[in-house]
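Novice: PDB, C-alpha atoms and all ligand atoms, file entry_30.pdb:
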MODEL        1
ATOM      1  CA  MET A 153     -36.174  13.816 108.550  1.00  0.00           C
ATOM      2  CA  GLN A 154     -37.888  11.381 110.860  1.00  0.00           C
ATOM      3  CA  ILE A 155     -40.108  12.619 113.667  1.00  0.00           C
ATOM      4  CA  LEU A 156     -41.253  10.918 116.832  1.00  0.00           C
ATOM      5  CA  ALA A 157     -44.349  12.799 117.946  1.00  0.00           C
ATOM      6  CA  ARG A 158     -45.602  12.455 121.515  1.00  0.00           C
ATOM      7  CA  CYS A 159     -49.336  11.941 121.940  1.00  0.00           C
ATOM      8  CA  PRO A 160     -50.608  14.763 124.222  1.00  0.00           C
ATOM      9  CA  GLU A 161     -53.147  12.340 125.671  1.00  0.00           C
ATOM     10  CA  CYS A 162     -51.221   9.183 126.515  1.00  0.00           C
ATOM     11  CA  ASP A 163     -47.527   9.988 125.755  1.00  0.00           C
ATOM     12  CA  ALA A 164     -47.224   7.253 123.134  1.00  0.00           C
ATOM     13  CA  GLY A 165     -44.369   7.812 120.637  1.00  0.00           C
ATOM     14  CA  LEU A 166     -45.687   8.133 117.080  1.00  0.00           C
ATOM     15  CA  PRO A 167     -43.126   7.928 114.226  1.00  0.00           C
ATOM     16  CA  ILE A 168     -43.815  10.101 111.164  1.00  0.00           C
ATOM     17  CA  GLY A 169     -41.794  10.713 108.005  1.00  0.00           C
ATOM     18  CA  ALA A 170     -41.559  14.497 107.529  1.00  0.00           C
ATOM     19  CA  SER A 171     -41.417  14.181 103.727  1.00  0.00           C
ATOM     20  CA  GLU A 172     -44.921  12.660 103.771  1.00  0.00           C
ATOM     21  CA  ALA A 173     -46.143  15.531 105.974  1.00  0.00           C
ATOM     22  CA  PRO A 174     -49.606  14.194 106.844  1.00  0.00           C
ATOM     23  CA  ASP A 175     -52.251  16.765 107.946  1.00  0.00           C
ATOM     24  CA  ARG A 176     -53.047  14.750 111.012  1.00  0.00           C
ATOM     25  CA  ILE A 177     -52.287  11.440 112.636  1.00  0.00           C
ATOM     26  CA  THR A 178     -54.319   9.226 114.910  1.00  0.00           C
ATOM     27  CA  CYS A 179     -52.661   7.892 118.036  1.00  0.00           C
ATOM     28  CA  GLY A 180     -52.455   4.105 117.805  1.00  0.00           C
ATOM     29  CA  ARG A 181     -52.932   3.705 121.539  1.00  0.00           C
ATOM     30  CA  CYS A 182     -55.707   6.118 122.573  1.00  0.00           C
ATOM     31  CA  ARG A 183     -57.184   6.987 119.126  1.00  0.00           C
ATOM     32  CA  ARG A 184     -56.742  10.713 119.702  1.00  0.00           C
ATOM     33  CA  GLU A 185     -56.428  12.756 116.508  1.00  0.00           C
ATOM     34  CA  ILE A 186     -53.376  15.010 116.419  1.00  0.00           C
ATOM     35  CA  PRO A 187     -53.358  17.800 113.816  1.00  0.00           C
ATOM     36  CA  LEU A 188     -49.944  18.561 112.322  1.00  0.00           C
ATOM     37  CA  ALA A 189     -48.603  21.807 110.848  1.00  0.00           C
ATOM     38  CA  TRP A 190     -45.423  21.395 108.795  1.00  0.00           C
ATOM     39  CA  SER A 191     -42.987  24.235 108.157  1.00  0.00           C
ATOM     40  CA  PRO A 192     -41.158  24.065 104.777  1.00  0.00           C
ATOM     41  CA  ALA A 193     -37.793  23.684 106.570  1.00  0.00           C
ATOM     42  CA  VAL A 194     -38.988  20.655 108.540  1.00  0.00           C
ATOM     43  CA  ARG A 195     -40.546  19.077 105.438  1.00  0.00           C
ATOM     44  CA  SER A 196     -37.344  19.440 103.414  1.00  0.00           C
ATOM     45  CA  ASP A 197     -35.038  18.336 106.270  1.00  0.00           C
ATOM     46  CA  GLY A 198     -33.386  21.776 106.223  1.00  0.00           C
ATOM     47  CA  ALA A 199     -33.859  22.775 109.852  1.00  0.00           C
ATOM     48  CA  VAL A 200     -36.119  22.300 112.846  1.00  0.00           C
ATOM     49  CA  ASP A 201     -37.771  25.710 113.221  1.00  0.00           C
ATOM     50  CA  ALA A 202     -41.359  24.966 114.233  1.00  0.00           C
ATOM     51  CA  CYS A 203     -42.810  21.885 115.906  1.00  0.00           C
ATOM     52  CA  PRO A 204     -45.502  20.231 113.743  1.00  0.00           C
ATOM     53  CA  VAL A 205     -47.355  19.004 116.841  1.00  0.00           C
ATOM     54  CA  CYS A 206     -47.513  22.078 119.112  1.00  0.00           C
ATOM     55  CA  ASP A 207     -46.263  24.895 116.823  1.00  0.00           C
ATOM     56  CA  GLY A 208     -43.567  25.754 119.350  1.00  0.00           C
ATOM     57  CA  PRO A 209     -40.288  27.321 118.134  1.00  0.00           C
ATOM     58  CA  ASP A 210     -38.177  26.221 121.120  1.00  0.00           C
ATOM     59  CA  PHE A 211     -35.949  23.153 120.935  1.00  0.00           C
ATOM     60  CA  TYR A 212     -32.910  21.619 122.538  1.00  0.00           C
ATOM     61  CA  THR A 213     -30.314  19.157 121.253  1.00  0.00           C
ATOM     62  CA  ARG A 214     -29.264  16.069 123.146  1.00  0.00           C
ATOM     63  CA  LYS A 215     -27.231  12.915 122.523  1.00  0.00           C
ATOM     64  CA  ASP A 216     -29.357  10.244 120.926  1.00  0.00           C
ATOM     65  CA  PHE A 217     -29.010   7.065 122.917  1.00  0.00           C
ATOM     66  CA  ASP A 218     -30.557   4.000 121.398  1.00  0.00           C
ATOM     67  CA  PRO A 219     -29.006   1.188 123.409  1.00  0.00           C
ATOM     68  CA  LYS A 220     -31.316  -1.353 121.727  1.00  0.00           C
ATOM     69  CA  ILE A 221     -29.693  -1.022 118.283  1.00  0.00           C
ATOM     70  CA  GLY A 222     -26.167  -1.119 119.687  1.00  0.00           C
ATOM     71  CA  LEU A 223     -26.891  -4.126 121.837  1.00  0.00           C
ATOM     72  CA  THR A 224     -28.474  -6.040 118.946  1.00  0.00           C
ATOM     73  CA  VAL A 225     -25.339  -5.595 116.832  1.00  0.00           C
ATOM     74  CA  VAL A 226     -23.013  -6.674 119.635  1.00  0.00           C
ATOM     75  CA  VAL A 227     -25.166  -9.667 120.666  1.00  0.00           C
ATOM     76  CA  PHE A 228     -25.446 -10.788 117.048  1.00  0.00           C
ATOM     77  CA  GLY A 229     -21.713 -10.329 116.562  1.00  0.00           C
ATOM     78  CA  ALA A 230     -20.987 -12.282 119.752  1.00  0.00           C
ATOM     79  CA  ALA A 231     -23.259 -15.144 118.664  1.00  0.00           C
ATOM     80  CA  VAL A 232     -21.657 -15.426 115.213  1.00  0.00           C
ATOM     81  CA  SER A 233     -18.189 -15.134 116.681  1.00  0.00           C
ATOM     82  CA  ALA A 234     -18.947 -17.841 119.300  1.00  0.00           C
ATOM     83  CA  GLY A 235     -19.872 -20.108 116.394  1.00  0.00           C
ATOM     84  CA  PHE A 236     -16.476 -19.600 114.746  1.00  0.00           C
ATOM     85  CA  TYR A 237     -14.735 -19.982 118.087  1.00  0.00           C
ATOM     86  CA  TRP A 238     -16.430 -23.339 118.588  1.00  0.00           C
ATOM     87  CA  PHE A 239     -14.976 -24.594 115.315  1.00  0.00           C
ATOM     88  CA  GLY A 240     -11.493 -23.491 116.314  1.00  0.00           C
ATOM     89  CA  ARG A 241     -11.334 -20.381 114.171  1.00  0.00           C
ATOM     90  CA  ASP A 242     -10.260 -18.051 116.947  1.00  0.00           C
ATOM     91  CA  LEU A 243      -8.927 -15.290 114.727  1.00  0.00           C
ATOM     92  CA  VAL A 244     -12.142 -15.097 112.692  1.00  0.00           C
ATOM     93  CA  ALA A 245     -14.112 -15.066 115.951  1.00  0.00           C
ATOM     94  CA  TYR A 246     -12.137 -12.151 117.366  1.00  0.00           C
ATOM     95  CA  GLY A 247     -12.353 -10.352 114.053  1.00  0.00           C
ATOM     96  CA  ILE A 248     -16.146 -10.581 113.980  1.00  0.00           C
ATOM     97  CA  LEU A 249     -16.413  -9.453 117.574  1.00  0.00           C
ATOM     98  CA  ALA A 250     -14.170  -6.457 116.888  1.00  0.00           C
ATOM     99  CA  GLY A 251     -16.247  -5.720 113.775  1.00  0.00           C
ATOM    100  CA  ALA A 252     -19.452  -5.719 115.801  1.00  0.00           C
ATOM    101  CA  VAL A 253     -17.987  -3.275 118.311  1.00  0.00           C
ATOM    102  CA  LEU A 254     -16.808  -1.092 115.435  1.00  0.00           C
ATOM    103  CA  ILE A 255     -20.249  -1.103 113.774  1.00  0.00           C
ATOM    104  CA  ASP A 256     -21.669  -0.181 117.156  1.00  0.00           C
ATOM    105  CA  LEU A 257     -19.345   2.829 117.356  1.00  0.00           C
ATOM    106  CA  ILE A 258     -20.282   3.901 113.832  1.00  0.00           C
ATOM    107  CA  ILE A 259     -23.998   3.667 114.635  1.00  0.00           C
ATOM    108  CA  TYR A 260     -23.367   5.749 117.736  1.00  0.00           C
ATOM    109  CA  GLN A 261     -21.632   8.393 115.640  1.00  0.00           C
ATOM    110  CA  MET A 262     -24.434   8.420 113.086  1.00  0.00           C
ATOM    111  CA  LEU A 263     -27.159   8.824 115.684  1.00  0.00           C
ATOM    112  CA  LYS A 264     -25.155  11.501 117.389  1.00  0.00           C
ATOM    113  CA  GLU A 265     -27.722  14.147 118.121  1.00  0.00           C
ATOM    114  CA  VAL A 266     -31.455  14.488 118.276  1.00  0.00           C
ATOM    115  CA  THR A 267     -33.471  17.699 118.482  1.00  0.00           C
ATOM    116  CA  VAL A 268     -36.319  17.713 120.997  1.00  0.00           C
ATOM    117  CA  CYS A 269     -39.294  20.075 121.350  1.00  0.00           C
ATOM    118  CA  TYR A 270     -39.320  21.693 124.796  1.00  0.00           C
ATOM    119  CA  ARG A 271     -43.096  21.765 124.963  1.00  0.00           C
ATOM    120  CA  CYS A 272     -44.410  18.441 123.710  1.00  0.00           C
ATOM    121  CA  HIS A 273     -41.173  16.347 123.649  1.00  0.00           C
ATOM    122  CA  THR A 274     -41.469  15.499 119.968  1.00  0.00           C
ATOM    123  CA  GLU A 275     -38.094  14.248 118.665  1.00  0.00           C
ATOM    124  CA  PHE A 276     -36.502  15.139 115.313  1.00  0.00           C
ATOM    125  CA  ARG A 277     -33.878  13.042 113.539  1.00  0.00           C
ATOM    126  CA  GLY A 278     -32.395  13.790 110.132  1.00  0.00           C
ATOM    127  CA  ALA A 279     -29.575  15.325 108.125  1.00  0.00           C
ATOM    128  CA  TYR A 280     -30.576  18.924 108.958  1.00  0.00           C
ATOM    129  CA  ARG A 281     -28.170  21.314 110.640  1.00  0.00           C
ATOM    130  CA  ARG A 282     -28.345  21.213 114.456  1.00  0.00           C
ATOM    131  CA  THR A 283     -28.924  24.742 115.682  1.00  0.00           C
ATOM    132  CA  ALA A 284     -30.799  24.152 118.938  1.00  0.00           C
ATOM    133  CA  PRO A 285     -28.875  24.796 122.187  1.00  0.00           C
ATOM    134  CA  ALA A 286     -28.306  22.227 124.932  1.00  0.00           C
ATOM    135  CA  PHE A 287     -31.070  21.393 127.399  1.00  0.00           C
ATOM    136  CA  ASP A 288     -31.946  24.115 129.899  1.00  0.00           C
ATOM    137  CA  LEU A 289     -33.987  23.118 132.933  1.00  0.00           C
ATOM    138  CA  HIS A 290     -35.519  26.535 133.537  1.00  0.00           C
ATOM    139  CA  THR A 291     -36.707  26.891 129.928  1.00  0.00           C
ATOM    140  CA  ALA A 292     -38.112  23.364 130.063  1.00  0.00           C
ATOM    141  CA  ASP A 293     -40.045  24.146 133.252  1.00  0.00           C
ATOM    142  CA  VAL A 294     -41.641  27.266 131.828  1.00  0.00           C
ATOM    143  CA  LEU A 295     -42.491  25.846 128.383  1.00  0.00           C
ATOM    144  CA  GLU A 296     -43.741  22.451 129.582  1.00  0.00           C
ATOM    145  CA  GLN A 297     -46.145  24.105 131.995  1.00  0.00           C
ATOM    146  CA  GLU A 298     -47.381  26.449 129.298  1.00  0.00           C
ATOM    147  CA  TYR A 299     -48.028  23.507 126.966  1.00  0.00           C
ATOM    148  CA  GLU A 300     -49.690  21.359 129.613  1.00  0.00           C
ATOM    149  CA  ARG A 301     -52.072  24.188 130.472  1.00  0.00           C
ATOM    150  CA  ARG A 302     -52.870  24.543 126.781  1.00  0.00           C
ATOM    151  CA  ILE A 303     -53.719  20.868 126.287  1.00  0.00           C
ATOM    152  CA  GLY A 304     -55.631  20.842 129.578  1.00  0.00           C
ATOM    153  CA  ARG A 305     -53.409  18.613 131.668  1.00  0.00           C
ATOM    154  CA  ARG A 306     -53.168  21.046 134.587  1.00  0.00           C
TER     155      ARG A 306
HETATM  156 ZN    ZN A 401     -52.472   8.634 122.569  1.00  0.00          ZN
HETATM  157 ZN    ZN A 402     -43.791  20.447 120.107  1.00  0.00          ZN
ENDMDL
END
What's the structure tokens form of this structure?
Specialist:
Amino acid sequence: MQILARCPECDAGLPIGASEAPDRITCGRCRREIPLAWSPAVRSDGAVDACPVCDGPDFYTRKDFDPKIGLTVVVFGAAVSAGFYWFGRDLVAYGILAGAVLIDLIIYQMLKEVTVCYRCHTEFRGAYRRTAPAFDLHTADVLEQEYERRIGRR
């Protein structure tokens, strides 16, 4: 599974491969060292049961929007298809455009859900089974405050 850790200092997103399971990472923006504790389930992409950054066991699942990837595919498809259109190959042009939209849909399906840590907002993506419930504002309020007190933000 792929993890996007949030730096407790500056909120930078730090991508980590869970199979490599490094002991610690250094934030590329503020140079803060972040120790990491990996549970066997997270390492093996089995489940998200404990957050490697903050140790918290509380997560929620949300739709994973990555408009950048989708847009790139459609823009690329539109550019290629415009080229064919220019040379009078309308059918090929429409075909490519439809293909790009289709690829976009497939990508959307693949990136369907992401698990997020309530406390430190670290994101988890992988083939593991999604067990976390949907986002709950009250839980988020309580756990975020607890975490921010712990890392000395409040
Ligand atoms: Zn940082
Ligand atoms: Zn966390």
Novice: Given the choices A:Val200, A:Ala230, A:Leu295, A:Cys206, which gets closest to ligand ZN 402 (chain A) if the distance is worked out from all atoms listed in the file?
Specialist: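 Result for the nearest residue to ligand ZN 402 (chain A): A:Cys206.
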Novice: Residues up to 7 Å from ligand ZN 402 (chain A), counting all atoms listed in the file: could you list those as a list in words?
Specialist: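 Selection of residues at most 7 Å from ligand ZN 402 (chain A): Cys203, Pro204, Val205, Cys206, Asp207, Gly208, Cys269, Tyr270, Arg271, Cys272, His273 and Thr274 of chain A.
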Novice: Using CA of Glu172 (chain A) and CA of Ala189 (chain A) as the two end points, give the distance in Å to one decimal.
Specialist: 12.1 Å
Novice: Counting only C-alpha atoms, find the residues whose atoms lie at most 7 Å from (-40.9, 7.5, 120.7) (file coordinates) and write them out as a PyMOL selection string.
Specialist: chain A and resi 156-158+164-167
Novice: Deliver the residues from the most recent selection as a file, using C-alpha atoms, as a short mmCIF file (atom, residue, chain, number, x, y, z; two decimals), in the coordinates of the input.
Specialist:
data_model
loop_
_atom_site.label_atom_id
_atom_site.label_comp_id
_atom_site.auth_asym_id
_atom_site.auth_seq_id
_atom_site.Cartn_x
_atom_site.Cartn_y
_atom_site.Cartn_z
CA LEU A 156 -41.25 10.92 116.83
CA ALA A 157 -44.35 12.80 117.95
CA ARG A 158 -45.60 12.46 121.52
CA ALA A 164 -47.22 7.25 123.13
CA GLY A 165 -44.37 7.81 120.64
CA LEU A 166 -45.69 8.13 117.08
CA PRO A 167 -43.13 7.93 114.23
#
Novice: What residues have any atom no more than 12 Å from ligand ZN 401 (chain A) when counting all atoms listed in the file, and can you list them as a PDB file with C-alpha atoms, keeping the file's coordinate frame?
Specialist:
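Output (pocket_6.pdb):
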ATOM      1  CA  ALA A 157     -44.349  12.799 117.946  1.00  0.00           C
ATOM      2  CA  ARG A 158     -45.602  12.455 121.515  1.00  0.00           C
ATOM      3  CA  CYS A 159     -49.336  11.941 121.940  1.00  0.00           C
ATOM      4  CA  PRO A 160     -50.608  14.763 124.222  1.00  0.00           C
ATOM      5  CA  GLU A 161     -53.147  12.340 125.671  1.00  0.00           C
ATOM      6  CA  CYS A 162     -51.221   9.183 126.515  1.00  0.00           C
ATOM      7  CA  ASP A 163     -47.527   9.988 125.755  1.00  0.00           C
ATOM      8  CA  ALA A 164     -47.224   7.253 123.134  1.00  0.00           C
ATOM      9  CA  GLY A 165     -44.369   7.812 120.637  1.00  0.00           C
ATOM     10  CA  LEU A 166     -45.687   8.133 117.080  1.00  0.00           C
ATOM     11  CA  ILE A 177     -52.287  11.440 112.636  1.00  0.00           C
ATOM     12  CA  THR A 178     -54.319   9.226 114.910  1.00  0.00           C
ATOM     13  CA  CYS A 179     -52.661   7.892 118.036  1.00  0.00           C
ATOM     14  CA  GLY A 180     -52.455   4.105 117.805  1.00  0.00           C
ATOM     15  CA  ARG A 181     -52.932   3.705 121.539  1.00  0.00           C
ATOM     16  CA  CYS A 182     -55.707   6.118 122.573  1.00  0.00           C
ATOM     17  CA  ARG A 183     -57.184   6.987 119.126  1.00  0.00           C
ATOM     18  CA  ARG A 184     -56.742  10.713 119.702  1.00  0.00           C
ATOM     19  CA  GLU A 185     -56.428  12.756 116.508  1.00  0.00           C
ATOM     20  CA  ILE A 186     -53.376  15.010 116.419  1.00  0.00           C
TER      21      ILE A 186
END
Novice: Would you work out the distance separating CA of Asp256 (chain A) from CA of Ala199 (chain A), expressed in Å to one decimal?
Specialist: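 CA of Asp256 (chain A) sits 27.0 Å away from CA of Ala199 (chain A).
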Novice: For a quick check of understanding, using all atoms listed in the file, which of A:Gly251, A:Pro192, A:Pro285, A:Gly304 has the smallest distance to Phe228 (chain A)?
Specialist: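 Smallest distance to Phe228 (chain A) is found for A:Gly251.
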Novice: Residues within 12 Å of (-41.6, 10.3, 107.8), file coordinates, counting only C-alpha atoms: what are they? Give the list as a list in words.
Specialist: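 Final list of nearby residues, as requested, is Met153, Gln154, Ile155, Leu156, Ala157, Leu166, Pro167, Ile168, Gly169, Ala170, Ser171, Glu172, Ala173, Pro174, Ile177, Trp190, Val194, Arg195, Ser196, Asp197, Phe276, Arg277 and Gly278 of chain A.
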Novice: Please measure the separation of CA of Glu275 (chain A) and CA of Gly198 (chain A), giving the value in Å to one decimal.
Specialist: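 Rounded to one decimal, the two atoms are 15.3 Å apart.
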Novice: Determine the nearest neighbour of Leu249 (chain A) from the options A:Pro187, A:Pro209, A:Gly229, A:Gly235, counting all atoms listed in the file.
Specialist: A:Gly229
Novice: Let me know the residues the PyMOL selection byres (((chain A and resi 226) around 10) and not hetatm) catches in the file above, as JSON, numbers by chain.
Specialist: {"A": [221, 222, 223, 224, 225, 227, 228, 229, 230, 231, 232, 248, 249, 250, 251, 252, 253, 254, 255, 256]}
Novice: Could you turn the residues from that selection into a file that holds C-alpha atoms, as a PDB file, in the frame of the given file?
Specialist:
ATOM      1  CA  ILE A 221     -29.693  -1.022 118.283  1.00  0.00           C
ATOM      2  CA  GLY A 222     -26.167  -1.119 119.687  1.00  0.00           C
ATOM      3  CA  LEU A 223     -26.891  -4.126 121.837  1.00  0.00           C
ATOM      4  CA  THR A 224     -28.474  -6.040 118.946  1.00  0.00           C
ATOM      5  CA  VAL A 225     -25.339  -5.595 116.832  1.00  0.00           C
ATOM      6  CA  VAL A 227     -25.166  -9.667 120.666  1.00  0.00           C
ATOM      7  CA  PHE A 228     -25.446 -10.788 117.048  1.00  0.00           C
ATOM      8  CA  GLY A 229     -21.713 -10.329 116.562  1.00  0.00           C
ATOM      9  CA  ALA A 230     -20.987 -12.282 119.752  1.00  0.00           C
ATOM     10  CA  ALA A 231     -23.259 -15.144 118.664  1.00  0.00           C
ATOM     11  CA  VAL A 232     -21.657 -15.426 115.213  1.00  0.00           C
ATOM     12  CA  ILE A 248     -16.146 -10.581 113.980  1.00  0.00           C
ATOM     13  CA  LEU A 249     -16.413  -9.453 117.574  1.00  0.00           C
ATOM     14  CA  ALA A 250     -14.170  -6.457 116.888  1.00  0.00           C
ATOM     15  CA  GLY A 251     -16.247  -5.720 113.775  1.00  0.00           C
ATOM     16  CA  ALA A 252     -19.452  -5.719 115.801  1.00  0.00           C
ATOM     17  CA  VAL A 253     -17.987  -3.275 118.311  1.00  0.00           C
ATOM     18  CA  LEU A 254     -16.808  -1.092 115.435  1.00  0.00           C
ATOM     19  CA  ILE A 255     -20.249  -1.103 113.774  1.00  0.00           C
ATOM     20  CA  ASP A 256     -21.669  -0.181 117.156  1.00  0.00           C
TER      21      ASP A 256
END
Novice: For Tyr299 (chain A), which of A:Asp210, A:Asp175, A:Asp216, A:Asp242 is the closest residue, counting all atoms listed in the file?
Specialist: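 Among the listed residues, the smallest separation from Tyr299 (chain A) belongs to A:Asp210.
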Novice: For Glu265 (chain A), find every residue with an atom within 12 Å (counting all atoms listed in the file), except residues of its own chain fewer than 4 positions away, and show them as a list of chain:residue names.
Specialist: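 Near Glu265 (chain A), the qualifying residues are A:Tyr212, A:Thr213, A:Arg214, A:Lys215, A:Asp216, A:Phe217, A:Asp218, A:Ile259, A:Tyr260, A:Gln261, A:Glu275, A:Phe276, A:Arg277, A:Gly278, A:Ala279, A:Tyr280, A:Arg281, A:Arg282, A:Thr283, A:Ala284, A:Pro285, A:Ala286.
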